[in-house]
>>> print(open('entry.txt').read())   # compact mmCIF, C-alpha atoms and all ligand atoms
# COMPACT_ATOMS: atom_id res chain seq x y z
CA MET A 1 14.18 -24.69 -39.66
CA THR A 2 12.56 -22.13 -37.38
CA ARG A 3 10.44 -19.50 -38.93
CA ARG A 4 9.35 -16.35 -37.21
CA GLY A 5 5.75 -16.97 -36.33
CA SER A 6 3.00 -14.40 -36.20
CA LYS A 7 3.09 -11.69 -33.51
CA GLN A 8 0.61 -13.69 -31.51
CA ASP A 9 2.93 -16.69 -31.31
CA GLU A 10 5.76 -14.66 -29.88
CA LEU A 11 3.85 -13.11 -27.00
CA ARG A 12 4.97 -14.10 -23.54
CA GLU A 13 3.21 -13.38 -20.28
CA GLY A 14 4.93 -11.65 -17.44
CA ARG A 15 4.59 -9.34 -14.50
CA VAL A 16 6.04 -5.85 -14.24
CA LEU A 17 8.59 -5.61 -11.45
CA GLU A 18 9.32 -1.92 -11.79
CA SER A 19 9.37 0.94 -14.20
CA VAL A 20 12.41 3.14 -14.51
CA GLY A 21 12.31 6.03 -16.92
CA GLY A 22 9.87 4.39 -19.30
CA VAL A 23 11.60 1.01 -19.29
CA TYR A 24 9.78 -1.86 -17.64
CA ARG A 25 11.50 -4.74 -15.97
CA VAL A 26 9.30 -7.78 -16.52
CA ARG A 27 9.48 -11.17 -14.82
CA LEU A 28 8.43 -13.88 -17.22
CA GLY A 29 6.52 -17.04 -16.37
CA ASP A 30 9.68 -19.15 -16.66
CA GLY A 31 11.45 -17.02 -14.05
CA GLY A 32 13.53 -15.10 -16.56
CA GLU A 33 13.58 -11.33 -16.70
CA LEU A 34 13.29 -8.96 -19.57
CA GLU A 35 13.45 -5.23 -20.12
CA ALA A 36 10.67 -3.90 -22.27
CA PHE A 37 9.37 -0.60 -23.44
CA VAL A 38 6.00 0.57 -24.57
CA ARG A 39 5.15 2.15 -27.84
CA GLY A 40 2.14 3.66 -29.49
CA ARG A 41 -1.27 3.59 -27.96
CA LEU A 42 -0.33 2.07 -24.62
CA LYS A 43 2.01 4.90 -23.87
CA GLN A 44 -0.44 7.67 -24.41
CA GLY A 45 -2.86 7.05 -21.59
CA ASP A 46 -3.27 10.32 -19.76
CA ARG A 47 -5.35 8.97 -16.96
CA PRO A 48 -3.17 7.60 -14.19
CA GLN A 49 -4.95 4.25 -14.34
CA GLU A 50 -3.53 3.67 -17.76
CA ARG A 51 0.12 3.89 -16.87
CA ILE A 52 1.84 0.59 -16.46
CA VAL A 53 3.07 0.01 -12.93
CA ALA A 54 4.67 -2.62 -10.73
CA GLY A 55 2.34 -5.59 -10.46
CA ASP A 56 0.75 -5.22 -13.87
CA LEU A 57 0.31 -8.43 -15.82
CA VAL A 58 1.54 -7.90 -19.35
CA GLU A 59 2.21 -9.61 -22.61
CA VAL A 60 5.56 -8.91 -24.18
CA SER A 61 7.07 -9.61 -27.53
CA GLY A 62 10.69 -9.80 -28.51
CA PRO A 63 13.41 -8.90 -28.13
CA GLY A 64 14.18 -9.59 -31.74
CA PRO A 65 17.67 -10.52 -32.86
CA GLU A 66 20.20 -7.87 -31.87
CA GLU A 67 17.69 -6.02 -29.70
CA ASP A 68 18.14 -5.61 -25.94
CA ARG A 69 14.57 -4.87 -25.16
CA GLY A 70 11.18 -6.36 -25.76
CA VAL A 71 7.91 -4.54 -26.21
CA VAL A 72 4.91 -4.50 -23.91
CA GLU A 73 2.09 -5.35 -26.31
CA ALA A 74 -0.83 -5.64 -23.90
CA VAL A 75 -1.77 -5.08 -20.27
CA GLN A 76 -4.33 -7.29 -18.59
CA SER A 77 -7.21 -5.60 -16.84
CA ARG A 78 -6.45 -5.04 -13.19
CA GLU A 79 -7.98 -6.47 -10.05
CA ASN A 80 -7.25 -3.21 -8.26
CA VAL A 81 -4.71 -0.41 -8.06
CA LEU A 82 -3.15 1.39 -5.17
CA ILE A 83 -3.38 5.10 -5.91
CA ARG A 84 -1.93 7.91 -3.94
CA ALA A 85 -2.53 11.60 -4.23
CA GLY A 86 0.24 13.68 -5.68
CA PRO A 87 1.80 15.81 -2.96
CA GLY A 88 0.69 19.42 -3.04
CA GLY A 89 -2.11 18.81 -5.51
CA ARG A 90 0.07 17.17 -8.13
CA ARG A 91 -1.36 14.41 -10.24
CA PRO A 92 -2.40 11.27 -8.44
CA LYS A 93 -0.08 8.35 -8.93
CA VAL A 94 -0.80 4.71 -9.42
CA VAL A 95 1.69 2.97 -7.16
CA ALA A 96 1.07 -0.69 -7.92
CA ALA A 97 -1.54 -3.02 -9.39
CA ASN A 98 -3.14 -6.36 -8.56
CA LEU A 99 -2.60 -6.47 -4.82
CA ASP A 100 -3.96 -9.04 -2.39
CA ARG A 101 -3.29 -6.98 0.69
CA ALA A 102 -2.00 -3.64 1.88
CA VAL A 103 0.34 -4.00 4.81
CA ILE A 104 0.15 -0.69 6.61
CA VAL A 105 3.31 -0.23 8.63
CA MET A 106 3.31 2.29 11.45
CA SER A 107 5.99 2.71 14.09
CA VAL A 108 4.92 2.98 17.70
CA VAL A 109 7.72 5.43 18.48
CA GLU A 110 10.24 7.27 16.26
CA PRO A 111 8.14 8.45 14.46
CA PRO A 112 5.37 8.39 17.06
CA PHE A 113 2.13 6.53 16.40
CA SER A 114 -0.84 8.52 15.14
CA THR A 115 -4.33 7.07 14.93
CA GLU A 116 -5.40 9.55 12.30
CA VAL A 117 -2.42 8.76 10.07
CA ALA A 118 -3.11 5.03 10.46
CA ASP A 119 -6.75 5.67 9.59
CA ARG A 120 -5.79 7.61 6.48
CA PHE A 121 -3.79 4.66 5.23
CA LEU A 122 -6.64 2.31 6.11
CA VAL A 123 -9.11 4.46 4.19
CA LEU A 124 -6.70 4.59 1.27
CA ALA A 125 -6.44 0.79 1.18
CA GLU A 126 -10.18 0.25 1.69
CA SER A 127 -11.10 2.76 -0.97
CA CYS A 128 -8.82 0.98 -3.42
CA GLY A 129 -10.52 -2.31 -2.52
CA ILE A 130 -7.34 -3.79 -1.03
CA PRO A 131 -7.70 -5.63 2.30
CA PRO A 132 -5.46 -4.05 4.97
CA VAL A 133 -3.23 -5.58 7.62
CA LEU A 134 -1.82 -3.28 10.28
CA VAL A 135 1.77 -3.69 11.46
CA LEU A 136 2.97 -1.85 14.55
CA ASN A 137 6.75 -1.80 14.28
CA LYS A 138 9.67 -0.86 16.55
CA VAL A 139 7.98 -2.43 19.58
CA GLU A 140 11.38 -3.27 21.10
CA LEU A 141 12.11 0.41 21.75
CA PRO A 142 11.58 1.66 25.31
CA GLU A 143 7.85 2.11 25.85
CA GLY A 144 7.21 0.66 22.42
CA ARG A 145 5.16 -2.21 23.73
CA ASP A 146 3.08 0.03 26.01
CA VAL A 147 2.35 2.42 23.18
CA ALA A 148 1.34 -0.49 20.92
CA THR A 149 -1.25 -1.93 23.33
CA GLU A 150 -4.01 0.59 22.74
CA PRO A 151 -3.94 0.77 18.94
CA ALA A 152 -3.56 -3.02 18.73
CA GLU A 153 -6.76 -3.40 20.75
CA LEU A 154 -8.56 -0.66 18.88
CA TYR A 155 -7.87 -2.01 15.40
CA ARG A 156 -8.50 -5.61 16.34
CA SER A 157 -11.86 -4.56 17.77
CA VAL A 158 -12.68 -3.01 14.42
CA GLY A 159 -11.78 -6.26 12.70
CA TYR A 160 -8.33 -5.64 11.23
CA PRO A 161 -5.46 -8.07 11.66
CA VAL A 162 -2.74 -6.41 13.74
CA LEU A 163 0.86 -7.59 14.06
CA LEU A 164 3.44 -6.27 16.51
CA THR A 165 6.92 -6.37 15.03
CA SER A 166 10.51 -5.32 15.44
CA ALA A 167 13.00 -5.44 12.62
CA VAL A 168 15.68 -5.14 15.31
CA SER A 169 14.70 -7.88 17.79
CA GLY A 170 12.95 -10.06 15.25
CA GLU A 171 9.69 -10.13 17.17
CA GLY A 172 6.66 -10.81 15.00
CA LEU A 173 8.68 -11.46 11.87
CA GLU A 174 7.53 -15.03 11.53
CA ALA A 175 3.88 -13.97 11.55
CA LEU A 176 4.62 -11.17 9.10
CA GLY A 177 6.54 -13.55 6.84
CA GLU A 178 3.52 -15.86 6.74
CA ARG A 179 1.28 -13.02 5.63
CA LEU A 180 3.72 -11.92 2.95
CA GLY A 181 4.62 -15.40 1.80
CA ARG A 182 1.76 -15.74 -0.68
CA GLY A 183 -0.09 -13.42 -2.99
CA THR A 184 1.00 -9.85 -3.56
CA SER A 185 1.42 -7.44 -0.68
CA ALA A 186 2.27 -3.75 -0.74
CA LEU A 187 3.95 -2.25 2.28
CA ILE A 188 2.67 1.26 2.77
CA GLY A 189 3.02 3.80 5.54
CA PRO A 190 4.91 6.95 6.44
CA SER A 191 8.67 7.22 5.83
CA GLY A 192 10.96 5.96 8.53
CA VAL A 193 8.60 3.44 10.09
CA GLY A 194 10.72 0.47 9.00
CA LYS A 195 9.06 -0.92 5.87
CA SER A 196 12.32 -1.63 4.07
CA SER A 197 13.99 -2.80 7.28
CA LEU A 198 11.26 -5.36 7.90
CA LEU A 199 11.64 -6.75 4.40
CA ASN A 200 15.41 -6.90 4.77
CA ALA A 201 15.07 -8.67 8.12
CA LEU A 202 12.80 -11.26 6.51
CA ASP A 203 15.01 -11.70 3.49
CA PRO A 204 18.50 -10.16 3.70
CA GLY A 205 18.96 -10.95 0.01
CA LEU A 206 16.59 -8.13 -0.85
CA GLU A 207 19.20 -5.54 0.22
CA LEU A 208 16.74 -2.66 0.31
CA ARG A 209 18.08 0.71 1.26
CA THR A 210 17.03 2.05 4.62
CA ALA A 211 17.58 5.43 6.18
CA PRO A 212 17.80 6.67 9.71
CA VAL A 213 14.95 8.84 10.88
CA SER A 214 16.19 12.39 10.48
CA ARG A 215 16.85 14.01 13.83
CA ARG A 216 15.59 17.42 13.05
CA LYS A 217 12.22 16.47 11.72
CA GLY A 218 11.75 13.17 13.51
CA ARG A 219 10.71 11.85 10.12
CA GLY A 220 12.37 9.46 7.79
CA ARG A 221 14.01 10.51 4.58
CA HIS A 222 12.82 9.05 1.35
CA THR A 223 15.10 6.34 0.16
CA THR A 224 12.84 4.10 -1.87
CA VAL A 225 12.37 5.99 -5.11
CA SER A 226 9.70 4.04 -6.89
CA ALA A 227 7.54 1.06 -6.09
CA ARG A 228 9.30 -2.23 -6.82
CA LEU A 229 7.74 -5.64 -6.94
CA LEU A 230 10.04 -8.19 -5.32
CA PRO A 231 9.66 -11.95 -5.37
CA PHE A 232 9.24 -13.11 -1.77
CA GLN A 233 8.78 -16.79 -0.87
CA LYS A 234 5.73 -17.93 -2.84
CA GLY A 235 4.46 -14.40 -3.28
CA TRP A 236 5.46 -10.88 -4.11
CA VAL A 237 6.02 -7.80 -2.02
CA VAL A 238 6.04 -4.18 -3.05
CA ASP A 239 8.24 -1.83 -1.08
CA THR A 240 6.87 1.66 -1.54
CA PRO A 241 8.44 5.02 -0.92
CA GLY A 242 7.15 6.77 2.17
CA PHE A 243 3.90 8.52 1.57
CA SER A 244 4.75 11.83 3.19
CA GLU A 245 1.36 13.27 2.63
CA VAL A 246 -1.60 11.00 2.68
CA SER A 247 -4.26 13.08 1.18
CA LEU A 248 -6.95 11.03 -0.41
CA TRP A 249 -7.61 11.06 -4.04
CA GLY A 250 -10.74 9.95 -5.77
CA VAL A 251 -12.50 9.07 -2.56
CA ASP A 252 -15.91 10.63 -2.77
CA PRO A 253 -16.54 12.22 0.66
CA ASP A 254 -19.88 10.39 0.75
CA ARG A 255 -18.02 7.14 0.41
CA VAL A 256 -15.38 7.62 3.10
CA ALA A 257 -17.81 6.00 5.56
CA GLU A 258 -17.63 2.80 3.53
CA ALA A 259 -13.95 2.59 4.39
CA PHE A 260 -14.88 2.27 8.08
CA PRO A 261 -16.17 -1.30 8.33
CA GLU A 262 -17.49 -0.81 11.87
CA PHE A 263 -19.90 1.87 10.59
CA SER A 264 -21.79 -0.45 8.29
CA GLY A 265 -24.01 -2.16 10.88
CA PRO A 266 -24.92 1.01 12.83
CA GLY A 267 -25.27 2.93 9.56
CA GLU A 268 -28.25 0.79 8.67
CA GLU A 269 -30.08 2.34 11.60
CA CYS A 270 -29.69 5.91 10.34
CA ARG A 271 -33.00 7.69 9.93
CA PHE A 272 -32.03 9.23 6.60
CA ARG A 273 -30.79 7.49 3.54
CA GLY A 274 -27.45 8.93 2.48
CA CYS A 275 -26.81 10.05 6.06
CA THR A 276 -23.30 11.50 6.30
CA HIS A 277 -23.12 10.68 10.03
CA VAL A 278 -22.11 14.27 10.76
CA HIS A 279 -25.07 16.48 11.60
CA GLU A 280 -28.18 14.44 10.85
CA PRO A 281 -30.65 13.59 13.61
CA GLY A 282 -31.36 9.92 14.24
CA CYS A 283 -27.91 8.84 13.07
CA GLY A 284 -27.12 5.23 13.93
CA VAL A 285 -23.37 5.76 13.71
CA LYS A 286 -23.38 8.66 16.16
CA ARG A 287 -25.56 6.61 18.48
CA ALA A 288 -23.05 3.74 18.26
CA VAL A 289 -20.25 6.16 19.12
CA ARG A 290 -22.18 7.33 22.22
CA ASP A 291 -22.85 3.71 23.19
CA GLY A 292 -19.17 2.84 22.79
CA GLN A 293 -19.76 0.40 19.94
CA VAL A 294 -17.81 2.53 17.49
CA PRO A 295 -14.51 3.80 18.90
CA VAL A 296 -14.62 7.58 19.30
CA GLU A 297 -11.08 7.92 17.86
CA ARG A 298 -12.22 6.28 14.67
CA TYR A 299 -15.28 8.49 14.42
CA GLU A 300 -13.06 11.57 14.87
CA SER A 301 -10.75 10.32 12.12
CA TYR A 302 -13.80 9.87 9.93
CA LEU A 303 -14.83 13.48 10.50
CA GLY A 304 -11.31 14.69 9.72
CA ILE A 305 -10.89 12.58 6.62
CA SER A 306 -14.34 13.10 5.11
CA GLY A 307 -14.06 16.85 5.75
CA ALA A 308 -10.56 17.00 4.27
CA SER A 309 -11.45 15.04 1.18
CA GLU A 310 -14.28 17.44 0.37
CA GLY A 311 -11.93 20.15 -0.94
N1 LIG B 1 14.54 0.51 16.85
C1 LIG B 1 14.07 0.12 15.66
N2 LIG B 1 14.44 0.78 14.56
C2 LIG B 1 13.96 0.36 13.37
C3 LIG B 1 13.09 -0.75 13.25
N3 LIG B 1 12.77 -0.92 11.97
C4 LIG B 1 13.43 0.05 11.29
N4 LIG B 1 14.15 0.81 12.12
C5 LIG B 1 14.98 1.98 11.79
O1 LIG B 1 14.12 3.01 11.31
C6 LIG B 1 14.78 3.74 10.28
C7 LIG B 1 13.91 3.78 9.03
O2 LIG B 1 13.82 2.47 8.51
P1 LIG B 1 13.41 2.19 6.99
O3 LIG B 1 13.35 0.72 6.87
O4 LIG B 1 14.28 2.94 6.05
O5 LIG B 1 11.94 2.82 6.97
P2 LIG B 1 10.96 2.99 5.71
O6 LIG B 1 11.11 4.41 5.28
O7 LIG B 1 9.60 2.75 6.26
O8 LIG B 1 11.36 2.01 4.69
C8 LIG B 1 16.13 3.07 10.06
O9 LIG B 1 17.12 3.78 10.79
C9 LIG B 1 15.94 1.69 10.64
O10 LIG B 1 17.14 1.15 11.12
C10 LIG B 1 12.72 -1.44 14.46
O11 LIG B 1 11.96 -2.41 14.49
N5 LIG B 1 13.25 -0.95 15.64
MG MG B 2 11.90 2.31 2.68
ZN ZN B 3 -25.74 8.33 10.05
>>> encode(input="entry.txt", output="structure tokens")
Amino acid sequence: MTRRGSKQDELREGRVLESVGGVYRVRLGDGGELEAFVRGRLKQGDRPQERIVAGDLVEVSGPGPEEDRGVVEAVQSRENVLIRAGPGGRRPKVVAANLDRAVIVMSVVEPPFSTEVADRFLVLAESCGIPPVLVLNKVELPEGRDVATEPAELYRSVGYPVLLTSAVSGEGLEALGERLGRGTSALIGPSGVGKSSLLNALDPGLELRTAPVSRRKGRGRHTTVSARLLPFQKGWVVDTPGFSEVSLWGVDPDRVAEAFPEFSGPGEECRFRGCTHVHEPGCGVKRAVRDGQVPVERYESYLGISGASEG
């Protein structure tokens, strides 16, 4: 005879794959899936950090007899969260939790590459404590490879891994697959750069929707609606919707410098503690820029981003 045990006995561990209208799709330890909802205290969190998102590790109970859905009873504390600002000053959004890396996808052409946009995504990842990898996609397009050379060199010199890829020719997919094959990776970047296409090329079974870059704007349309965690080889990948506007949220302007790893050595030489590396005399970072040790493009991005995040 089986008796219903205590609540505690019925809890099962799982990972949230996606949330759709308040219902969470949860992958259980045994590989099964379950839909679950949240009730009571867990639901009320007003702060964005408290909402349950893709990647969260949860404990679920149920479903009981004749119920379709279980209940999320607890959420484990997170290693980190990827947060993006709400467009036009709307509330910031937690995109996904517990990530091992942020794969920042940029296209070299269509849409054209922008150092400052790449830097904004890098600062976003760094400020969330998620190690970045930079992917330069669409290199098979005419001039693609030429355009990729400079940023590839720049970001490697700063210390970031850089991969050159094409979802069309297949170049670089093996290397990308190795990176994505373990742990949890979120693909982030502007719309239309090929995030979903790269994942489809690596695993056609994923069948992610992709959209042509719109002619008029030269920008992609948004096709991925919410972040989804997808099992990939021995790991997980999160395909995210295009971040059309990468304003930074929660990054203290004084701390933007910390998101530029190449500033840390020269920054120790600054005359003043708490130097912002903007107007202070005896600034080690500015000296390193003059000496060519810190790339001037990166310093300019820093000025733009730290200034913009002040407001
Ligand atoms: N030429 C070329 N086009 C690509 C490549 N990757 C993606 N695309 C195209 O770029 C457009 C946007 O791709 P999509 O995967 O939806 O971009 P996402 O918004 O970043 O997910 C689609 O028309 C794709 O076919 C690539 O490596 N080379
Ligand atoms: Mg997409
Ligand atoms: Zn300084």
>>> residues_near_ligand(input="entry.txt", ligand="ligand LIG 1 (chain B)", cutoff="8 Å", atoms="all atoms listed in the file", output="MDAnalysis selection string")
chainID A and resid 105 107 110 137:141 165:170 188:198 209:213 220:224 239:242
>>> closest_atom_pairs(input="entry.txt", of="chain A", to="ligand ZN 3 (chain B)", cutoff="10 Å", atoms="only C-alpha atoms and all ligand atoms", output="CSV")
residue,atom,partner,partner_atom,distance
A:Ala257,CA,B:ZN3,ZN,9.4
A:Phe263,CA,B:ZN3,ZN,8.7
A:Ser264,CA,B:ZN3,ZN,9.8
A:Pro266,CA,B:ZN3,ZN,7.9
A:Gly267,CA,B:ZN3,ZN,5.4
A:Glu268,CA,B:ZN3,ZN,8.1
A:Glu269,CA,B:ZN3,ZN,7.6
A:Cys270,CA,B:ZN3,ZN,4.6
A:Arg271,CA,B:ZN3,ZN,7.3
A:Phe272,CA,B:ZN3,ZN,7.2
A:Arg273,CA,B:ZN3,ZN,8.3
A:Gly274,CA,B:ZN3,ZN,7.8
A:Cys275,CA,B:ZN3,ZN,4.5
A:Thr276,CA,B:ZN3,ZN,5.5
A:His277,CA,B:ZN3,ZN,3.5
A:Val278,CA,B:ZN3,ZN,7.0
A:His279,CA,B:ZN3,ZN,8.3
A:Glu280,CA,B:ZN3,ZN,6.6
A:Pro281,CA,B:ZN3,ZN,8.0
A:Gly282,CA,B:ZN3,ZN,7.2
A:Cys283,CA,B:ZN3,ZN,3.8
A:Gly284,CA,B:ZN3,ZN,5.2
A:Val285,CA,B:ZN3,ZN,5.1
A:Lys286,CA,B:ZN3,ZN,6.6
A:Arg287,CA,B:ZN3,ZN,8.6
A:Ala288,CA,B:ZN3,ZN,9.8
>>> axis_aligned_box(input="entry.txt", around="region 168-182 of chain A", padding_each_side="6 Å", output="JSON")
{"center_x": 8.5, "center_y": -10.5, "center_z": 8.6, "size_x": 26.4, "size_y": 22.7, "size_z": 30.5}
>>> closest_residue(input="entry.txt", among="A:Ala259, A:Ala74, A:Leu208, A:Val95", to="ligand MG 2 (chain B)", atoms="only C-alpha atoms and all ligand atoms")
A:Leu208
>>> residues_around(input="entry.txt", residues="Gly177 (chain A)", least_positions_apart="5", cutoff="12 Å", atoms="only C-alpha atoms", output="list in words")
Val103, Val135, Leu163, Thr165, Ala167, Gly170, Glu171, Gly172, Arg182, Gly183, Ser185, Leu198, Leu199, Asn200, Ala201, Leu202, Asp203, Phe232, Gln233, Lys234, Gly235, Trp236 and Val237 of chain A
>>> residues_around(input="entry.txt", residues="Asp100 (chain A)", least_positions_apart="3", cutoff="12 Å", atoms="all atoms listed in the file", output="MDAnalysis selection string")
chainID A and resid 55 78:82 96:97 103 125:126 128:133 179:187 235:238
>>> closest_residue(input="entry.txt", among="A:Arg84, A:Arg228, A:Arg145, A:Arg51", to="ligand MG 2 (chain B)", atoms="only C-alpha atoms and all ligand atoms")
A:Arg228
>>> residues_around(input="entry.txt", residues="Tyr302 (chain A)", least_positions_apart="6", cutoff="12 Å", atoms="only C-alpha atoms", output="ChimeraX atom specification")
/A:115-120,122-123,253-263,276-278,285-286,289,294-296,308-309
>>> atom_distance(input="entry.txt", atom1="CA of Arg156 (chain A)", atom2="CA of Glu297 (chain A)")
13.9 Å
>>> closest_residue(input="entry.txt", among="A:Gly307, A:Gly292, A:Gly14, A:Glu207", to="ligand MG 2 (chain B)", atoms="all atoms listed in the file")
A:Glu207
>>> closest_residue(input="entry.txt", among="A:Leu303, A:Arg39, A:Gln293, A:Leu206", to="Gly265 (chain A)", atoms="all atoms listed in the file")
A:Gln293
>>> closest_residue(input="entry.txt", among="A:Ser306, A:Gly144, A:Ala227, A:Arg101", to="ligand MG 2 (chain B)", atoms="only C-alpha atoms and all ligand atoms")
A:Ala227
>>> residues_around(input="entry.txt", residues="Val26 (chain A)", least_positions_apart="5", cutoff="9 Å", atoms="all atoms listed in the file", output="PyMOL selection string")
chain A and resi 14-18+32-36+58+60
>>> atom_distance(input="entry.txt", atom1="CA of Ala175 (chain A)", atom2="CA of Phe113 (chain A)")
21.1 Å
>>> closest_residue(input="entry.txt", among="A:Val147, A:Leu229, A:Leu11, A:Leu164", to="Tyr24 (chain A)", atoms="all atoms listed in the file")
A:Leu229
>>> decode(input="entry.txt", residues="region 60-113 of chain A", atoms="C-alpha atoms", output="short mmCIF file (atom, residue, chain, number, x, y, z; two decimals), in the first residue's frame")
data_model
loop_
_atom_site.label_atom_id
_atom_site.label_comp_id
_atom_site.auth_asym_id
_atom_site.auth_seq_id
_atom_site.Cartn_x
_atom_site.Cartn_y
_atom_site.Cartn_z
CA VAL A 60 8.37 20.98 -7.29
CA SER A 61 5.58 18.99 -5.77
CA GLY A 62 2.77 17.18 -7.45
CA PRO A 63 0.90 16.99 -9.66
CA GLY A 64 -1.59 15.26 -7.45
CA PRO A 65 -4.09 12.80 -8.86
CA GLU A 66 -6.22 14.39 -11.58
CA GLU A 67 -4.07 17.53 -11.69
CA ASP A 68 -2.13 18.57 -14.80
CA ARG A 69 0.29 20.81 -13.05
CA GLY A 70 2.69 20.67 -10.18
CA VAL A 71 3.66 23.48 -7.85
CA VAL A 72 7.01 25.22 -7.53
CA GLU A 73 7.62 25.02 -3.79
CA ALA A 74 11.13 26.46 -3.57
CA VAL A 75 13.79 28.16 -5.66
CA GLN A 76 17.45 27.58 -4.94
CA SER A 77 19.64 30.61 -4.47
CA ARG A 78 21.25 31.65 -7.72
CA GLU A 79 24.85 31.69 -8.85
CA ASN A 80 24.10 34.71 -11.01
CA VAL A 81 21.40 36.25 -13.16
CA LEU A 82 21.47 37.91 -16.53
CA ILE A 83 19.50 41.13 -16.22
CA ARG A 84 18.61 43.51 -18.95
CA ALA A 85 17.17 46.97 -18.73
CA GLY A 86 13.58 47.40 -19.75
CA PRO A 87 13.41 49.31 -23.03
CA GLY A 88 12.45 52.94 -22.61
CA GLY A 89 12.91 52.94 -18.85
CA ARG A 90 10.58 50.03 -18.21
CA ARG A 91 11.35 47.64 -15.40
CA PRO A 92 14.54 45.67 -15.69
CA LYS A 93 14.06 42.04 -16.57
CA VAL A 94 15.81 38.97 -15.34
CA VAL A 95 16.45 36.96 -18.47
CA ALA A 96 17.97 33.76 -17.11
CA ALA A 97 19.70 32.38 -14.03
CA ASN A 98 22.71 30.23 -13.20
CA LEU A 99 24.82 30.77 -16.30
CA ASP A 100 28.36 29.56 -16.89
CA ARG A 101 29.00 31.84 -19.83
CA ALA A 102 27.47 34.58 -21.92
CA VAL A 103 28.03 34.00 -25.60
CA ILE A 104 27.85 37.43 -27.16
CA VAL A 105 26.94 37.06 -30.81
CA MET A 106 27.64 39.96 -33.15
CA SER A 107 27.46 39.87 -36.93
CA VAL A 108 30.32 41.35 -38.89
CA VAL A 109 27.97 42.62 -41.61
CA GLU A 110 24.16 42.76 -41.86
CA PRO A 111 23.80 44.23 -39.26
CA PRO A 112 27.24 45.86 -39.30
CA PHE A 113 29.68 45.31 -36.45
#
